$ cat entry-v4.txt   # compact mmCIF, C-alpha atoms
# COMPACT_ATOMS: atom_id res chain seq x y z
CA MET N 16 61.92 34.79 -7.00
CA THR N 17 58.49 36.24 -7.69
CA ILE N 18 57.13 39.46 -9.09
CA PRO N 19 57.43 42.57 -6.86
CA GLY N 20 55.74 42.09 -3.51
CA LEU N 21 52.95 44.63 -3.90
CA SER N 22 51.80 43.26 -7.24
CA TYR N 23 51.87 39.70 -5.94
CA ALA N 24 49.87 40.76 -2.86
CA ILE N 25 47.25 42.30 -5.15
CA LEU N 26 47.00 39.08 -7.13
CA MET N 27 46.75 37.01 -3.96
CA ALA N 28 43.84 39.17 -2.76
CA LYS N 29 42.06 38.93 -6.12
CA ALA N 30 42.63 35.17 -6.33
CA THR N 31 41.25 34.69 -2.80
CA ALA N 32 38.16 36.70 -3.73
CA LEU N 33 37.62 34.55 -6.82
CA ARG N 34 37.85 31.42 -4.68
CA LEU N 35 35.44 32.66 -2.00
CA LEU N 36 32.90 34.87 -3.75
CA PRO N 37 30.08 33.34 -5.84
CA GLU N 38 30.08 33.79 -9.60
CA ARG N 39 27.85 36.69 -10.59
CA ASN N 40 25.85 37.08 -13.76
CA ARG N 41 27.78 39.64 -15.76
CA GLY N 42 25.10 40.07 -18.41
CA ILE N 43 25.85 41.46 -21.85
CA THR N 44 29.05 43.37 -21.10
CA PRO N 45 30.83 45.90 -23.35
CA TYR N 46 33.20 43.07 -24.36
CA TYR N 47 30.28 41.46 -26.19
CA ARG N 48 28.43 44.61 -27.30
CA GLN N 49 31.42 46.54 -28.62
CA GLY N 50 33.60 43.65 -29.74
CA PHE N 51 31.08 41.60 -31.67
CA GLN N 52 32.35 42.37 -35.17
CA GLY N 53 35.92 41.51 -34.30
CA ARG N 54 34.86 38.28 -32.62
CA LEU N 55 32.66 37.41 -35.60
CA THR N 56 35.65 37.88 -37.91
CA ALA N 57 37.72 35.60 -35.67
CA ALA N 58 34.99 32.95 -35.68
CA GLU N 59 34.74 33.08 -39.47
CA SER N 60 38.51 32.67 -39.76
CA GLN N 61 38.21 29.36 -37.92
CA LEU N 62 35.17 28.22 -39.87
CA HIS N 63 37.04 28.89 -43.11
CA HIS N 64 38.96 25.68 -42.37
CA HIS N 65 35.81 23.65 -41.65
CA GLY N 66 34.26 23.55 -45.11
CA PRO N 67 33.97 19.72 -45.14
CA THR N 68 32.77 19.57 -41.52
CA THR N 69 29.16 18.48 -41.19
CA CYS N 70 28.90 18.61 -37.37
CA LEU N 71 31.27 20.90 -35.48
CA LEU N 72 32.27 20.43 -31.85
CA GLU N 73 33.01 23.76 -30.17
CA ILE N 74 35.33 23.05 -27.23
CA GLY N 75 34.83 25.56 -24.41
CA CYS N 76 31.84 27.40 -25.89
CA GLY N 77 31.71 29.84 -22.97
CA ARG N 78 28.89 32.26 -22.36
CA ASP N 79 27.66 33.11 -25.86
CA LEU N 80 28.34 29.98 -28.01
CA LEU N 81 29.58 32.29 -30.76
CA VAL N 82 31.41 29.83 -33.03
CA SER N 83 28.60 27.29 -32.77
CA LEU N 84 25.95 29.87 -33.60
CA VAL N 85 27.89 31.36 -36.51
CA ALA N 86 28.51 27.86 -37.91
CA ALA N 87 24.80 27.04 -37.64
CA VAL N 88 23.17 30.33 -38.66
CA CYS N 89 25.64 31.45 -41.33
CA HIS N 90 26.92 28.11 -42.65
CA GLY N 91 24.06 25.67 -42.04
CA LYS N 92 26.15 23.26 -39.98
CA ARG N 93 25.02 21.16 -37.05
CA THR N 94 27.06 22.00 -33.98
CA ILE N 95 27.71 20.81 -30.45
CA ALA N 96 28.49 23.64 -28.03
CA PHE N 97 30.50 21.91 -25.31
CA ASP N 98 31.76 23.10 -21.93
CA VAL N 99 32.81 21.54 -18.64
CA THR N 100 30.81 24.05 -16.58
CA PRO N 101 27.39 25.60 -17.35
CA LEU N 102 28.56 29.10 -18.30
CA ALA N 103 26.18 29.76 -21.20
CA ASP N 104 23.83 32.72 -20.77
CA LEU N 105 20.57 32.55 -22.73
CA ALA N 106 20.27 36.35 -22.88
CA LEU N 107 23.77 36.56 -24.34
CA VAL N 108 23.00 33.75 -26.79
CA ASN N 109 19.95 35.70 -27.96
CA PHE N 110 22.08 38.84 -28.28
CA THR N 111 24.42 36.87 -30.54
CA LEU N 112 21.52 35.49 -32.56
CA ALA N 113 20.09 38.98 -33.00
CA SER N 114 23.52 40.26 -34.10
CA LEU N 115 23.51 37.52 -36.74
CA GLY N 116 20.01 38.51 -37.89
CA ALA N 117 18.40 35.40 -36.40
CA SER N 118 15.36 34.98 -34.15
CA PRO N 119 15.74 34.44 -30.37
CA VAL N 120 15.23 31.11 -28.62
CA THR N 121 13.38 30.37 -25.39
CA ASN N 122 15.58 27.55 -24.06
CA TRP N 123 18.35 25.12 -25.05
CA GLN N 124 15.88 22.62 -26.56
CA ASP N 125 14.44 25.39 -28.73
CA MET N 126 17.98 26.30 -29.87
CA GLU N 127 18.67 22.71 -30.90
CA SER N 128 15.37 22.16 -32.72
CA ARG N 129 15.49 25.52 -34.51
CA TYR N 130 19.19 25.89 -35.34
CA GLY N 131 20.73 22.47 -34.82
CA VAL N 132 22.96 23.68 -31.98
CA ARG N 133 23.14 21.24 -29.07
CA TYR N 134 24.43 22.60 -25.76
CA VAL N 135 26.33 19.96 -23.77
CA VAL N 136 27.94 20.28 -20.32
CA ALA N 137 30.09 17.28 -19.39
CA SER N 138 33.38 16.40 -17.72
CA SER N 139 35.21 15.89 -21.03
CA ILE N 140 34.60 15.69 -24.76
CA ALA N 141 34.77 11.91 -24.43
CA ALA N 142 31.32 12.16 -22.81
CA VAL N 143 29.85 13.75 -25.96
CA THR N 144 28.01 10.87 -27.60
CA ALA N 145 26.74 12.68 -30.70
CA LEU N 146 28.78 12.26 -33.88
CA TRP N 147 31.03 15.17 -34.88
CA ASP N 148 33.72 15.44 -37.54
CA GLY N 149 35.53 18.68 -36.75
CA ALA N 150 36.42 20.75 -33.69
CA ALA N 151 37.02 24.42 -32.93
CA SER N 152 38.01 26.31 -29.81
CA THR N 153 38.47 29.93 -28.79
CA ALA N 154 40.51 30.89 -25.71
CA ALA N 155 39.94 27.51 -24.07
CA PHE N 156 43.07 25.38 -24.61
CA GLU N 157 45.08 27.54 -22.19
CA HIS N 158 42.59 26.81 -19.40
CA ILE N 159 42.61 23.00 -19.56
CA PRO N 160 44.76 21.11 -17.02
CA VAL N 161 47.71 19.44 -18.73
CA ASP N 162 46.63 15.82 -18.16
CA GLN N 163 43.11 16.60 -19.39
CA PHE N 164 44.51 18.44 -22.40
CA GLN N 165 46.58 15.41 -23.38
CA LYS N 166 43.53 13.15 -23.07
CA MET N 167 41.47 15.61 -25.12
CA VAL N 168 43.99 15.62 -27.98
CA SER N 169 44.14 11.83 -27.92
CA HIS N 170 40.34 11.70 -28.11
CA LEU N 171 40.37 14.11 -31.04
CA ARG N 172 42.78 11.73 -32.75
CA SER N 173 40.53 8.76 -32.09
CA VAL N 174 37.38 10.46 -33.43
CA LEU N 175 38.59 12.45 -36.41
CA SER N 176 39.42 10.71 -39.67
CA LYS N 177 42.11 11.65 -42.16
CA GLY N 178 41.74 15.19 -43.46
CA ARG N 179 39.38 16.37 -40.73
CA GLY N 180 40.38 19.43 -38.80
CA VAL N 181 40.83 21.13 -35.45
CA THR N 182 41.10 24.91 -35.18
CA ALA N 183 41.94 26.97 -32.14
CA ALA N 184 42.64 30.51 -31.00
CA ILE N 185 44.94 30.28 -27.97
CA ASP N 186 45.82 33.20 -25.69
CA TYR N 187 49.17 32.49 -24.02
CA ARG N 188 49.36 35.76 -22.10
CA ASP N 189 49.09 35.80 -18.32
CA HIS N 190 45.40 36.55 -17.88
CA TRP N 191 46.07 38.44 -14.65
CA SER N 192 47.47 41.19 -16.88
CA PHE N 193 43.85 41.91 -17.89
CA LEU N 194 42.85 42.51 -14.25
CA ALA N 195 45.91 43.80 -12.41
CA PRO N 196 49.05 45.92 -12.99
CA VAL N 197 51.32 43.10 -14.20
CA SER N 198 52.85 42.38 -17.59
CA PRO N 199 51.45 39.72 -19.96
CA ASP N 200 54.61 37.64 -19.43
CA HIS N 201 54.86 38.07 -15.66
CA PHE N 202 54.22 34.41 -14.78
CA TYR N 203 57.47 33.45 -16.50
CA GLY N 204 59.09 34.52 -13.23
CA LEU N 205 56.82 32.43 -10.99
CA SER N 206 57.51 28.92 -9.77
CA ASP N 207 54.69 26.38 -9.98
CA THR N 208 54.11 26.82 -6.24
CA ALA N 209 53.95 30.61 -6.42
CA PHE N 210 51.68 30.60 -9.45
CA GLY N 211 49.46 27.94 -7.90
CA ARG N 212 48.58 30.34 -5.10
CA ILE N 213 47.16 32.87 -7.57
CA ASN N 214 45.66 30.40 -10.05
CA PRO N 215 42.08 29.81 -8.87
CA PRO N 216 39.81 27.37 -10.73
CA ARG N 217 37.61 30.16 -12.05
CA MET N 218 40.41 31.52 -14.25
CA PHE N 219 42.81 28.57 -14.26
CA GLN N 220 45.72 28.67 -16.72
CA ASN N 221 47.90 25.66 -17.51
CA ARG N 222 50.88 27.75 -18.71
CA LEU N 223 51.52 25.41 -21.64
CA ARG N 224 53.48 27.20 -24.34
CA HIS N 225 52.75 27.08 -28.04
CA ALA N 226 55.54 24.62 -28.84
CA GLU N 227 54.20 22.21 -26.22
CA ILE N 228 50.66 22.33 -27.55
CA CYS N 229 51.80 21.91 -31.14
CA ASP N 230 54.07 19.01 -30.16
CA CYS N 231 51.14 17.25 -28.50
CA PHE N 232 49.05 17.60 -31.67
CA SER N 233 51.96 16.50 -33.83
CA GLN N 234 52.54 13.36 -31.77
CA ALA N 235 48.82 12.60 -32.05
CA GLY N 236 48.98 12.63 -35.85
CA PHE N 237 47.92 16.19 -36.71
CA ALA N 238 49.72 18.60 -39.05
CA ILE N 239 49.52 22.40 -39.01
CA ILE N 240 47.95 23.73 -42.20
CA SER N 241 47.59 27.37 -41.13
CA GLN N 242 49.05 29.48 -38.35
CA GLU N 243 48.94 33.14 -37.33
CA ILE N 244 51.01 34.44 -34.43
CA GLU N 245 50.73 37.67 -32.41
CA PRO N 246 53.93 38.46 -30.49
CA LEU N 247 54.37 38.89 -26.76
CA ALA N 248 56.86 41.47 -25.45
CA LEU N 249 59.29 39.83 -23.01
CA THR N 250 59.86 41.98 -19.90
CA VAL N 251 60.78 39.43 -17.21
CA PRO N 252 64.59 39.07 -16.93
CA ARG N 253 65.91 35.64 -17.93
CA ALA N 254 67.58 35.28 -14.55
CA ARG N 255 64.14 35.21 -12.92
CA TYR N 256 62.54 32.60 -15.16
CA ALA N 257 60.93 29.61 -13.47
CA PRO N 258 62.58 26.28 -14.36
CA ARG N 259 59.64 25.26 -16.56
CA PHE N 260 60.42 28.18 -18.89
CA SER N 261 64.19 28.62 -18.55
CA HIS N 262 65.06 26.05 -21.25
CA GLN N 263 62.77 27.62 -23.87
CA THR N 264 64.02 30.15 -26.40
CA ASP N 265 62.97 33.79 -26.46
CA GLU N 266 61.33 33.13 -29.83
CA ALA N 267 59.19 30.36 -28.33
CA LEU N 268 58.22 32.41 -25.30
CA ALA N 269 57.44 35.55 -27.29
CA ILE N 270 54.17 34.11 -28.63
CA GLY N 271 51.18 35.92 -27.15
CA ILE N 272 48.28 34.65 -29.25
CA ALA N 273 48.17 31.87 -31.84
CA ARG N 274 45.45 30.97 -34.32
CA VAL N 275 46.09 27.49 -35.63
CA ALA N 276 44.41 24.99 -37.93
CA TRP N 277 45.45 21.33 -37.78
CA ASN N 278 44.44 18.49 -40.09
CA ARG N 279 44.38 14.84 -39.13
CA LEU N 280 46.93 12.77 -41.02
CA ALA N 281 46.56 9.08 -41.80
CA ASN N 282 45.04 7.00 -39.01
CA ASP N 283 47.61 5.45 -36.71
CA ASP N 284 48.13 4.54 -33.07
CA THR N 285 50.12 7.61 -32.06
CA SER N 286 49.01 9.32 -28.85
CA CYS N 287 50.64 12.23 -27.03
CA ALA N 288 49.25 10.97 -23.73
CA SER N 289 51.25 7.78 -24.10
CA ARG N 290 54.57 9.50 -24.76
$ encode --input "entry-v4.txt" --output "structure tokens"
Amino acid sequence: MTIPGLSYAILMAKATALRLLPERNRGITPYYRQGFQGRLTAAESQLHHHGPTTCLLEIGCGRDLLVSLVAAVCHGKRTIAFDVTPLADLALVNFTLASLGASPVTNWQDMESRYGVRYVVASSIAAVTALWDGAASTAAFEHIPVDQFQKMVSHLRSVLSKGRGVTAAIDYRDHWSFLAPVSPDHFYGLSDTAFGRINPPRMFQNRLRHAEICDCFSQAGFAIISQEIEPLALTVPRARYAPRFSHQTDEALAIGIARVAWNRLANDDTSCASR
């Protein structure tokens, strides 16, 4: 059973448009102009856990490279702003730099030479050859396909030494709720097939839940040292839950946003991808 027909038809139409229409340059939207202070606070909350980090890898740096730039400009760290697609917008990067009281850059080479921020686009973090000893991510883990996520966590395990950290802000809500009249938990009622039809690559969600992500990190030898949870109101009736969610508790499913810091434990051969 799916969500009501009209809502699902709306999502199908929007998903088709995202698949067919080219990506447009959205510029410096109100999300960036009006929400900068809140996003800066969120970035600083991650960087609070990266005191010992000398070179930070930002996983899924997005359009404005915020965490990388804050780490470099405000904390003097070298950073690697990593993404799997070239989303970064130089005008938006310069807006962020200006908001931090820093001078603009003319290109990515200028950004690296002036601030120590290297912008890297590659298929996975395993392709990042520069040395890094900490990792941070904002609203990216929920968009990584499950098999790639498992490989990423295993690679984090292989690179980071004991005591080094990974921080992440993860948004578990159905992202269609930002664009259409559906609830943030609506995909709990969708089978993999039904959700696949409205899950285009441009806004792909893996639907991993918090317990699953934390279990993967735990199996890879990481321990949670800090965690903040924002709740998610459950509106989809249990009788409609897709099999992938039906065995999980209400408490586990009622997590909307999580901000987590993990530390690497003693080196070992544990890997979530091998379990």
$ residues_around --input "entry-v4.txt" --residues "stretch 34-36 of chain N" --least-positions-apart "5" --cutoff "12 Å" --atoms "all atoms listed in the file" --output "list of chain:residue names"
N:Met27, N:Ala28, N:Lys29, N:Arg212, N:Ile213, N:Asn214, N:Pro215, N:Pro216, N:Arg217, N:Met218, N:Phe219
$ write_last_selection --input "entry-v4.txt" --atoms "C-alpha atoms" --output "compact mmCIF listing (two decimals), in the frame of the given file"
# COMPACT_ATOMS: atom_id res chain seq x y z
CA MET N 27 46.75 37.01 -3.96
CA ALA N 28 43.84 39.17 -2.76
CA LYS N 29 42.06 38.93 -6.12
CA ARG N 212 48.58 30.34 -5.10
CA ILE N 213 47.16 32.87 -7.57
CA ASN N 214 45.66 30.40 -10.05
CA PRO N 215 42.08 29.81 -8.87
CA PRO N 216 39.81 27.37 -10.73
CA ARG N 217 37.61 30.16 -12.05
CA MET N 218 40.41 31.52 -14.25
CA PHE N 219 42.81 28.57 -14.26
$ closest_residue --input "entry-v4.txt" --among "N:Asn40, N:Val120, N:Val174, N:Ala183" --to "N:Glu59" --atoms "all atoms listed in the file"
N:Ala183
$ closest_residue --input "entry-v4.txt" --among "N:Gly271, N:Gly75, N:Pro67, N:Gly91" --to "N:Ile159" --atoms "all atoms listed in the file"
N:Gly75
$ residues_around --input "entry-v4.txt" --residues "stretch 99-104 of chain N" --least-positions-apart "4" --cutoff "8 Å" --atoms "all atoms listed in the file" --output "list of chain:residue names"
N:Gly42, N:Gly75, N:Cys76, N:Gly77, N:Arg78, N:Asp79, N:Leu80, N:Val108, N:Val136, N:Ala137, N:Ser138, N:Ser139
$ write_last_selection --input "entry-v4.txt" --atoms "C-alpha atoms" --output "compact mmCIF listing (two decimals), keeping the file's coordinate frame"
# COMPACT_ATOMS: atom_id res chain seq x y z
CA GLY N 42 25.10 40.07 -18.41
CA GLY N 75 34.83 25.56 -24.41
CA CYS N 76 31.84 27.40 -25.89
CA GLY N 77 31.71 29.84 -22.97
CA ARG N 78 28.89 32.26 -22.36
CA ASP N 79 27.66 33.11 -25.86
CA LEU N 80 28.34 29.98 -28.01
CA VAL N 108 23.00 33.75 -26.79
CA VAL N 136 27.94 20.28 -20.32
CA ALA N 137 30.09 17.28 -19.39
CA SER N 138 33.38 16.40 -17.72
CA SER N 139 35.21 15.89 -21.03
$ residues_around --input "entry-v4.txt" --residues "N:Leu280" --least-positions-apart "5" --cutoff "7 Å" --atoms "only C-alpha atoms" --output "PDB file with C-alpha atoms, in the frame of the given file"
ATOM      1  CA  LYS N 177      42.110  11.650 -42.160  1.00  0.00           C
ATOM      2  CA  GLY N 178      41.740  15.190 -43.460  1.00  0.00           C
ATOM      3  CA  GLY N 236      48.980  12.630 -35.850  1.00  0.00           C
ATOM      4  CA  PHE N 237      47.920  16.190 -36.710  1.00  0.00           C
ATOM      5  CA  ALA N 238      49.720  18.600 -39.050  1.00  0.00           C
TER       6      ALA N 238
END
$ residues_near_point --input "entry-v4.txt" --point "(51.9, 25.3, -22.2)" --cutoff "12 Å" --atoms "all atoms listed in the file" --output "compact mmCIF listing (two decimals) with C-alpha atoms, keeping the file's coordinate frame"
# COMPACT_ATOMS: atom_id res chain seq x y z
CA PHE N 156 43.07 25.38 -24.61
CA GLU N 157 45.08 27.54 -22.19
CA HIS N 158 42.59 26.81 -19.40
CA ILE N 159 42.61 23.00 -19.56
CA PRO N 160 44.76 21.11 -17.02
CA VAL N 161 47.71 19.44 -18.73
CA ASP N 162 46.63 15.82 -18.16
CA PHE N 164 44.51 18.44 -22.40
CA GLN N 165 46.58 15.41 -23.38
CA ILE N 185 44.94 30.28 -27.97
CA ASP N 186 45.82 33.20 -25.69
CA TYR N 187 49.17 32.49 -24.02
CA ARG N 188 49.36 35.76 -22.10
CA ASP N 189 49.09 35.80 -18.32
CA PHE N 202 54.22 34.41 -14.78
CA TYR N 203 57.47 33.45 -16.50
CA GLN N 220 45.72 28.67 -16.72
CA ASN N 221 47.90 25.66 -17.51
CA ARG N 222 50.88 27.75 -18.71
CA LEU N 223 51.52 25.41 -21.64
CA ARG N 224 53.48 27.20 -24.34
CA HIS N 225 52.75 27.08 -28.04
CA ALA N 226 55.54 24.62 -28.84
CA GLU N 227 54.20 22.21 -26.22
CA ILE N 228 50.66 22.33 -27.55
CA CYS N 229 51.80 21.91 -31.14
CA ASP N 230 54.07 19.01 -30.16
CA CYS N 231 51.14 17.25 -28.50
CA ARG N 259 59.64 25.26 -16.56
CA PHE N 260 60.42 28.18 -18.89
CA GLN N 263 62.77 27.62 -23.87
CA ALA N 267 59.19 30.36 -28.33
CA LEU N 268 58.22 32.41 -25.30
CA ILE N 270 54.17 34.11 -28.63
CA GLY N 271 51.18 35.92 -27.15
$ residues_around --input "entry-v4.txt" --residues "N:Glu127" --least-positions-apart "6" --cutoff "9 Å" --atoms "only C-alpha atoms" --output "count of residues only"
4
$ atom_distance --input "entry-v4.txt" --atom1 "atom CA of N:Thr121" --atom2 "atom CA of N:Gln52"
24.5 Å
$ residues_around --input "entry-v4.txt" --residues "N:Leu171" --least-positions-apart "4" --cutoff "9 Å" --atoms "all atoms listed in the file" --output "list in words"
Ile140, Ala141, Gly149, Ala150, Lys166, Met167, Leu175, Val181 and Ala235 of chain N
$ closest_residue --input "entry-v4.txt" --among "N:Ala151, N:Val132, N:Val275, N:Leu194" --to "N:His65" --atoms "all atoms listed in the file"
N:Ala151
$ closest_residue --input "entry-v4.txt" --among "N:Leu105, N:Ala195, N:Val143, N:Leu62" --to "N:Ala276" --atoms "all atoms listed in the file"
N:Leu62
$ residues_near_point --input "entry-v4.txt" --point "(48.7, 29.7, -36.4)" --cutoff "8 Å" --atoms "all atoms listed in the file" --output "PDB file with C-alpha atoms, keeping the file's coordinate frame"
ATOM      1  CA  ILE N 239      49.520  22.400 -39.010  1.00  0.00           C
ATOM      2  CA  SER N 241      47.590  27.370 -41.130  1.00  0.00           C
ATOM      3  CA  GLN N 242      49.050  29.480 -38.350  1.00  0.00           C
ATOM      4  CA  GLU N 243      48.940  33.140 -37.330  1.00  0.00           C
ATOM      5  CA  ILE N 244      51.010  34.440 -34.430  1.00  0.00           C
ATOM      6  CA  ALA N 273      48.170  31.870 -31.840  1.00  0.00           C
ATOM      7  CA  ARG N 274      45.450  30.970 -34.320  1.00  0.00           C
ATOM      8  CA  VAL N 275      46.090  27.490 -35.630  1.00  0.00           C
ATOM      9  CA  ALA N 276      44.410  24.990 -37.930  1.00  0.00           C
TER      10      ALA N 276
END
$ closest_residue --input "entry-v4.txt" --among "N:Gln163, N:Asn109, N:Thr31, N:Arg172" --to "N:Asp125" --atoms "only C-alpha atoms"
N:Asn109
$ atom_distance --input "entry-v4.txt" --atom1 "atom CA of N:Ala154" --atom2 "atom CA of N:Thr182"
11.2 Å
$ closest_residue --input "entry-v4.txt" --among "N:Phe210, N:Tyr46, N:Ser261, N:Ser118" --to "N:Trp191" --atoms "all atoms listed in the file"
N:Phe210
$ atom_distance --input "entry-v4.txt" --atom1 "atom CA of N:Thr56" --atom2 "atom CA of N:Arg179"
22.0 Å
$ decode --input "entry-v4.txt" --residues "stretch 59-79 of chain N" --atoms "N, CA and C atoms" --output "short mmCIF file (atom, residue, chain, number, x, y, z; two decimals), in the first residue's frame"
data_model
loop_
_atom_site.label_atom_id
_atom_site.label_comp_id
_atom_site.auth_asym_id
_atom_site.auth_seq_id
_atom_site.Cartn_x
_atom_site.Cartn_y
_atom_site.Cartn_z
N GLU N 59 30.27 24.59 13.51
CA GLU N 59 31.14 24.71 14.68
C GLU N 59 30.91 23.57 15.67
N SER N 60 29.66 23.10 15.76
CA SER N 60 29.39 21.99 16.68
C SER N 60 30.09 20.72 16.24
N GLN N 61 30.25 20.53 14.92
CA GLN N 61 31.03 19.39 14.45
C GLN N 61 32.51 19.61 14.70
N LEU N 62 32.99 20.80 14.38
CA LEU N 62 34.42 21.08 14.50
C LEU N 62 34.89 21.05 15.95
N HIS N 63 33.97 21.22 16.88
CA HIS N 63 34.31 21.11 18.30
C HIS N 63 34.95 19.76 18.61
N HIS N 64 34.57 18.73 17.86
CA HIS N 64 35.09 17.38 18.10
C HIS N 64 36.35 17.09 17.29
N HIS N 65 36.82 18.06 16.52
CA HIS N 65 37.98 17.85 15.66
C HIS N 65 39.19 18.66 16.09
N GLY N 66 39.31 18.90 17.40
CA GLY N 66 40.47 19.64 17.88
C GLY N 66 41.80 19.05 17.45
N PRO N 67 42.00 17.72 17.58
CA PRO N 67 43.28 17.13 17.20
C PRO N 67 43.46 16.96 15.69
N THR N 68 42.40 17.15 14.91
CA THR N 68 42.48 16.92 13.47
C THR N 68 43.36 17.98 12.81
N THR N 69 44.30 17.52 11.99
CA THR N 69 45.17 18.46 11.28
C THR N 69 44.69 18.69 9.85
N CYS N 70 44.12 17.65 9.21
CA CYS N 70 43.54 17.79 7.87
C CYS N 70 42.19 17.10 7.87
N LEU N 71 41.14 17.87 7.65
CA LEU N 71 39.77 17.38 7.74
C LEU N 71 39.22 17.05 6.36
N LEU N 72 38.63 15.87 6.22
CA LEU N 72 37.92 15.50 5.01
C LEU N 72 36.44 15.80 5.20
N GLU N 73 35.89 16.69 4.37
CA GLU N 73 34.45 16.95 4.41
C GLU N 73 33.78 16.09 3.36
N ILE N 74 32.97 15.14 3.79
CA ILE N 74 32.31 14.20 2.90
C ILE N 74 30.98 14.80 2.43
N GLY N 75 30.84 15.01 1.13
CA GLY N 75 29.62 15.62 0.60
C GLY N 75 29.59 17.10 0.88
N CYS N 76 30.59 17.84 0.38
CA CYS N 76 30.73 19.26 0.71
C CYS N 76 29.66 20.14 0.09
N GLY N 77 28.96 19.63 -0.94
CA GLY N 77 27.84 20.36 -1.51
C GLY N 77 28.22 21.61 -2.27
N ARG N 78 27.36 22.61 -2.21
CA ARG N 78 27.53 23.79 -3.03
C ARG N 78 28.44 24.84 -2.42
N ASP N 79 28.48 24.94 -1.08
CA ASP N 79 29.19 26.07 -0.47
C ASP N 79 30.41 25.69 0.37
#
